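Visitor: Structure: target-v8.cif, mmCIF, C-alpha atoms and all ligand atoms.
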data_target
loop_
_atom_site.label_atom_id
_atom_site.label_comp_id
_atom_site.auth_asym_id
_atom_site.auth_seq_id
_atom_site.Cartn_x
_atom_site.Cartn_y
_atom_site.Cartn_z
CA MET G 1 -81.97 -58.54 208.04
CA ASN G 2 -82.76 -54.87 207.88
CA ILE G 3 -81.58 -51.97 209.95
CA THR G 4 -82.36 -48.31 209.66
CA VAL G 5 -79.21 -46.21 209.64
CA ASN G 6 -79.56 -42.47 210.04
CA GLY G 7 -83.09 -42.66 208.66
CA ASP G 8 -82.38 -45.00 205.73
CA GLU G 9 -83.80 -48.53 205.92
CA LEU G 10 -81.08 -50.83 204.60
CA GLU G 11 -80.80 -54.53 203.92
CA VAL G 12 -77.88 -56.30 205.60
CA ARG G 13 -76.27 -59.24 203.81
CA SER G 14 -73.37 -59.92 206.17
CA PRO G 15 -73.57 -63.03 208.40
CA GLY G 16 -75.61 -62.44 211.52
CA LEU G 17 -72.66 -62.64 213.89
CA THR G 18 -70.83 -59.85 212.07
CA SER G 19 -70.40 -56.89 214.37
CA LEU G 20 -72.55 -53.87 213.72
CA LEU G 21 -69.31 -51.88 213.41
CA ARG G 22 -68.09 -54.06 210.53
CA VAL G 23 -71.50 -53.99 208.85
CA LEU G 24 -71.59 -50.20 209.03
CA ARG G 25 -68.05 -49.65 207.85
CA ASP G 26 -67.44 -52.52 205.45
CA GLU G 27 -70.88 -53.25 203.99
CA LEU G 28 -72.85 -50.04 204.28
CA ASP G 29 -69.97 -47.56 203.92
CA VAL G 30 -70.94 -45.66 207.06
CA VAL G 31 -67.48 -44.90 208.38
CA GLY G 32 -68.15 -42.39 211.17
CA PRO G 33 -67.93 -45.08 213.87
CA LYS G 34 -64.25 -45.89 214.25
CA ALA G 35 -62.60 -49.27 214.70
CA GLY G 36 -60.36 -48.69 217.69
CA CYS G 37 -59.87 -51.70 219.92
CA GLU G 38 -62.81 -53.73 218.54
CA ALA G 39 -63.01 -55.24 222.02
CA GLY G 40 -65.34 -52.88 223.86
CA GLY G 41 -62.63 -50.88 225.57
CA CYS G 42 -62.26 -47.54 223.79
CA GLY G 43 -65.70 -46.22 222.82
CA ALA G 44 -64.66 -45.07 219.34
CA CYS G 45 -67.32 -47.25 217.72
CA THR G 46 -70.24 -45.99 219.83
CA VAL G 47 -73.56 -45.51 218.05
CA LEU G 48 -77.15 -45.18 219.20
CA VAL G 49 -79.32 -48.28 218.79
CA ASP G 50 -82.97 -47.39 219.28
CA GLY G 51 -81.76 -44.31 221.10
CA ALA G 52 -79.34 -45.99 223.51
CA PRO G 53 -75.55 -45.89 223.22
CA ARG G 54 -74.02 -49.18 222.16
CA ARG G 55 -70.50 -50.28 221.35
CA SER G 56 -71.05 -51.36 217.80
CA CYS G 57 -67.94 -53.58 217.85
CA LEU G 58 -69.62 -55.78 220.48
CA THR G 59 -73.06 -55.85 218.86
CA ALA G 60 -73.86 -58.73 216.53
CA VAL G 61 -75.97 -57.34 213.73
CA ALA G 62 -78.51 -60.17 214.04
CA ALA G 63 -79.25 -59.01 217.58
CA ILE G 64 -80.53 -55.68 216.33
CA ASP G 65 -82.52 -56.77 213.28
CA GLY G 66 -85.13 -54.07 212.66
CA ALA G 67 -83.48 -51.51 214.93
CA GLU G 68 -82.78 -47.86 214.30
CA VAL G 69 -79.11 -46.97 214.34
CA THR G 70 -77.81 -43.43 214.61
CA THR G 71 -74.17 -42.70 213.97
CA VAL G 72 -72.31 -39.42 214.24
CA GLU G 73 -73.30 -38.73 210.63
CA GLY G 74 -76.96 -38.79 211.66
CA LEU G 75 -76.63 -36.12 214.32
CA GLY G 76 -75.98 -33.24 211.97
CA ALA G 77 -74.97 -32.35 208.43
CA ALA G 78 -71.80 -30.69 207.20
CA ASP G 79 -73.70 -27.43 206.83
CA ASP G 80 -75.90 -28.00 209.87
CA LEU G 81 -73.80 -29.38 212.71
CA SER G 82 -75.52 -30.29 215.96
CA PRO G 83 -74.81 -28.21 219.09
CA VAL G 84 -72.37 -30.85 220.38
CA GLN G 85 -70.60 -31.00 217.04
CA GLN G 86 -70.38 -27.20 216.93
CA ALA G 87 -69.06 -27.11 220.49
CA PHE G 88 -66.36 -29.65 219.62
CA VAL G 89 -65.29 -27.34 216.78
CA HIS G 90 -65.37 -24.25 218.98
CA TYR G 91 -63.35 -25.84 221.78
CA TYR G 92 -60.90 -27.68 219.54
CA ALA G 93 -62.11 -30.81 221.28
CA ALA G 94 -61.00 -33.01 218.38
CA GLN G 95 -57.37 -33.37 217.43
CA CYS G 96 -56.74 -36.55 215.45
CA GLY G 97 -60.51 -37.08 215.62
CA PHE G 98 -60.40 -40.83 216.08
CA CYS G 99 -62.32 -40.84 219.36
CA THR G 100 -64.59 -37.97 218.31
CA PRO G 101 -67.51 -39.84 216.68
CA GLY G 102 -68.01 -41.97 219.79
CA MET G 103 -67.53 -39.02 222.11
CA VAL G 104 -70.06 -36.91 220.21
CA VAL G 105 -72.65 -39.70 220.14
CA ALA G 106 -72.23 -40.39 223.87
CA ALA G 107 -72.29 -36.69 224.77
CA THR G 108 -75.39 -36.12 222.65
CA HIS G 109 -77.18 -38.95 224.41
CA TYR G 110 -76.09 -37.58 227.80
CA LEU G 111 -77.43 -34.11 227.05
CA ASP G 112 -80.61 -35.37 225.36
CA SER G 113 -81.28 -37.44 228.49
CA GLY G 114 -81.22 -34.29 230.61
CA GLY G 115 -77.53 -34.33 231.55
CA SER G 116 -76.23 -31.15 233.15
CA ASP G 117 -73.10 -29.07 232.53
CA ASP G 118 -71.55 -30.43 235.74
CA ARG G 119 -68.02 -31.40 234.81
CA LYS G 120 -67.95 -34.46 237.07
CA GLU G 121 -71.20 -35.77 235.63
CA ILE G 122 -69.93 -35.25 232.08
CA GLN G 123 -66.74 -37.06 233.00
CA GLU G 124 -68.81 -39.95 234.32
CA ALA G 125 -71.01 -39.99 231.21
CA LEU G 126 -67.93 -40.26 228.99
CA ARG G 127 -66.21 -42.85 231.14
CA GLY G 128 -64.80 -45.60 228.96
CA HIS G 129 -64.25 -43.28 226.00
CA VAL G 130 -60.52 -43.12 225.45
CA CYS G 131 -58.82 -40.10 223.88
CA ARG G 132 -55.08 -40.17 223.23
CA CYS G 133 -54.83 -36.52 222.17
CA THR G 134 -56.82 -33.92 224.06
CA GLY G 135 -56.34 -34.69 227.75
CA TYR G 136 -60.18 -34.64 227.98
CA VAL G 137 -60.42 -31.06 229.31
CA LYS G 138 -61.50 -29.56 226.01
CA ILE G 139 -63.98 -32.35 225.41
CA ILE G 140 -65.62 -31.84 228.79
CA GLU G 141 -65.72 -28.06 228.31
CA ALA G 142 -67.31 -28.55 224.90
CA VAL G 143 -70.04 -30.80 226.27
CA ALA G 144 -70.73 -28.38 229.11
CA ALA G 145 -71.05 -25.47 226.67
CA ALA G 146 -73.24 -27.49 224.32
CA ARG G 147 -75.75 -27.78 227.15
CA GLY G 148 -76.80 -24.24 226.21
CA GLY G 149 -76.49 -24.75 222.46
CA ASN G 150 -75.22 -21.21 222.17
CA PHE G 151 -73.19 -21.42 219.00
CA ASP G 152 -73.55 -19.85 215.59
CA LEU G 153 -71.63 -21.68 212.94
CA THR G 154 -70.13 -19.93 209.96
CA THR G 155 -68.12 -21.36 207.12
CA THR G 156 -64.73 -19.86 206.37
CA ALA G 157 -63.54 -18.91 202.89
CA GLU G 158 -61.30 -21.99 202.99
CA GLY G 159 -64.31 -24.24 203.57
CA GLY G 160 -63.62 -24.83 207.27
CA TYR G 161 -65.76 -23.88 210.21
CA THR G 162 -65.67 -21.19 212.81
CA THR G 163 -68.15 -20.71 215.61
CA VAL G 164 -69.35 -17.63 217.42
CA MET G 165 -70.75 -17.65 220.94
CA THR G 166 -74.26 -16.22 221.01
CA GLY G 167 -75.32 -16.93 224.58
CA ASP G 168 -73.82 -17.19 228.01
CA ALA G 169 -71.91 -20.45 227.56
CA LYS G 170 -68.28 -19.95 228.57
S1 LIG A 201 -63.81 -50.21 218.81
FE1 LIG A 201 -65.55 -50.64 219.98
S2 LIG A 201 -65.04 -50.10 222.01
FE2 LIG A 201 -63.17 -49.85 220.89
S1 LIG A 202 -58.77 -36.57 219.40
FE1 LIG A 202 -57.24 -38.10 218.97
S2 LIG A 202 -57.91 -39.79 220.18
FE2 LIG A 202 -59.21 -38.19 220.81
#
Show me, as structure tokens, the structure contained in the file I just sent.
Guide:
Amino acid sequence: MNITVNGDELEVRSPGLTSLLRVLRDELDVVGPKAGCEAGGCGACTVLVDGAPRRSCLTAVAAIDGAEVTTVEGLGAADDLSPVQQAFVHYYAAQCGFCTPGMVVAATHYLDSGGSDDRKEIQEALRGHVCRCTGYVKIIEAVAAARGGNFDLTTTAEGGYTTVMTGDAK
């Protein structure tokens, strides 16, 4: 089997019923998708398969032979974060970060599909993504602000990130 992960076409040697999550993490060393419940209930493992969000823990790799998989790593680079990733930094929308890869992938798909900055709609789009840390408010504010993409990212002397608002996102 072959799958394309973040632009790289890769051969998969795991048995076909192995979950995509386990193939990514254990065979291909793509560890952005997190193993939370591994039962479809938390959203931490969410990736895009041919552009649609999928719970990778529930996806047998044989079922997506030939597909294109995008994980959180494929949405931006360390020195070129996507608008959603930048907004999560700006709003402190990640604390322990365990839910963040799935949240960012789902939020990116929502916005790329024309989703608005309406808080209720964002809440609905992220339904089923469990966060034990943030209380969700910062996450929803980050996604709403990312709608405008109005962030400039700078790197701090310590190697961290800081963002500066450049538009009218609040
Ligand atoms: S690890 Fe897949 S939904 Fe929780
Ligand atoms: S930031 Fe810790 S679970 Fe969401």
Visitor: Give me, as JSON, numbers by chain, the set of residues whose atoms come within 12 Å of any atom of ligand LIG 201 (chain A), counting all atoms listed in the file.
Guide: {"G": [19, 20, 21, 22, 25, 32, 33, 34, 35, 36, 37, 38, 39, 40, 41, 42, 43, 44, 45, 46, 47, 53, 54, 55, 56, 57, 58, 59, 98, 99, 101, 102, 103, 127, 128, 129, 130, 131]}
Visitor: Compare G:Gly76, G:Gly115, G:Gly97, G:Gly148 by their minimum atom-to-atom distance to ligand LIG 202 (chain A), counting only C-alpha atoms and all ligand atoms, and give me the closest one.
Guide: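 Closest to ligand LIG 202 (chain A), using only C-alpha atoms and all ligand atoms: G:Gly97.
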Visitor: Around (-75.3, -39.6, 224.2), as given in the file, which residues come within 9 Å? Count all atoms listed in the file and list them as a list in words.
Guide: Val47, Leu48, Gly51, Ala52, Pro53, Gly102, Met103, Val104, Val105, Ala106, Ala107, Thr108, His109, Tyr110, Leu111, Asp112, Ser113, Ala125 and Leu126 of chain G
Visitor: Which value, in Å to one decimal, gives the distance between CA of Thr4 (chain G) and CA of Leu81 (chain G)?
Guide: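 A separation of 21.0 Å between them.
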Visitor: With 4 Å on each side, where is the centre of the axis-aligned box around all listed atoms of region 86-102 of chain G, and how long are its edges in Å to one decimal, as JSON?
Guide:
{"center_x": -63.6, "center_y": -33.1, "center_z": 218.6, "size_x": 21.6, "size_y": 25.7, "size_z": 14.3}
Visitor: Can you work out which one of G:Asp50, G:Thr100, G:Thr18, G:Ala78 has the shortest atom-to-atom distance to Lys138 (chain G), counting all atoms listed in the file?
Guide: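 For Lys138 (chain G), the nearest of the candidates is G:Thr100.
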Visitor: So how many Å separate CA of Val143 (chain G) and CA of Ile64 (chain G), to one decimal?
Guide: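 CA of Val143 (chain G) sits 28.8 Å away from CA of Ile64 (chain G).
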Visitor: To one decimal in Å, tell me the separation between CA of Pro83 (chain G) and CA of Ala146 (chain G).
Guide: 5.5 Å
Visitor: Under the rule that all atoms listed in the file are counted, which of G:Cys133, G:Leu28, G:Ile122, G:Ala94 is the nearest residue to Leu10 (chain G)?
Guide: G:Leu28
Visitor: Which residue, G:Met1, G:Ala145, G:Ala93, G:Ile140, has the smallest gap to ligand LIG 202 (chain A) when you use only C-alpha atoms and all ligand atoms?
Guide: G:Ala93
Visitor: Nearest to Thr134 (chain G): which of G:Val84, G:Glu68, G:Val5, G:Gln95 is it, counting all atoms listed in the file?
Guide: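 Under the stated criterion, the closest residue is G:Gln95.
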Visitor: Pick from G:Tyr92, G:Arg119, G:Ala144, G:Gly7: nearest to ligand LIG 202 (chain A), with only C-alpha atoms and all ligand atoms counted?
Guide: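 Smallest separation from ligand LIG 202 (chain A) among the options: G:Tyr92.
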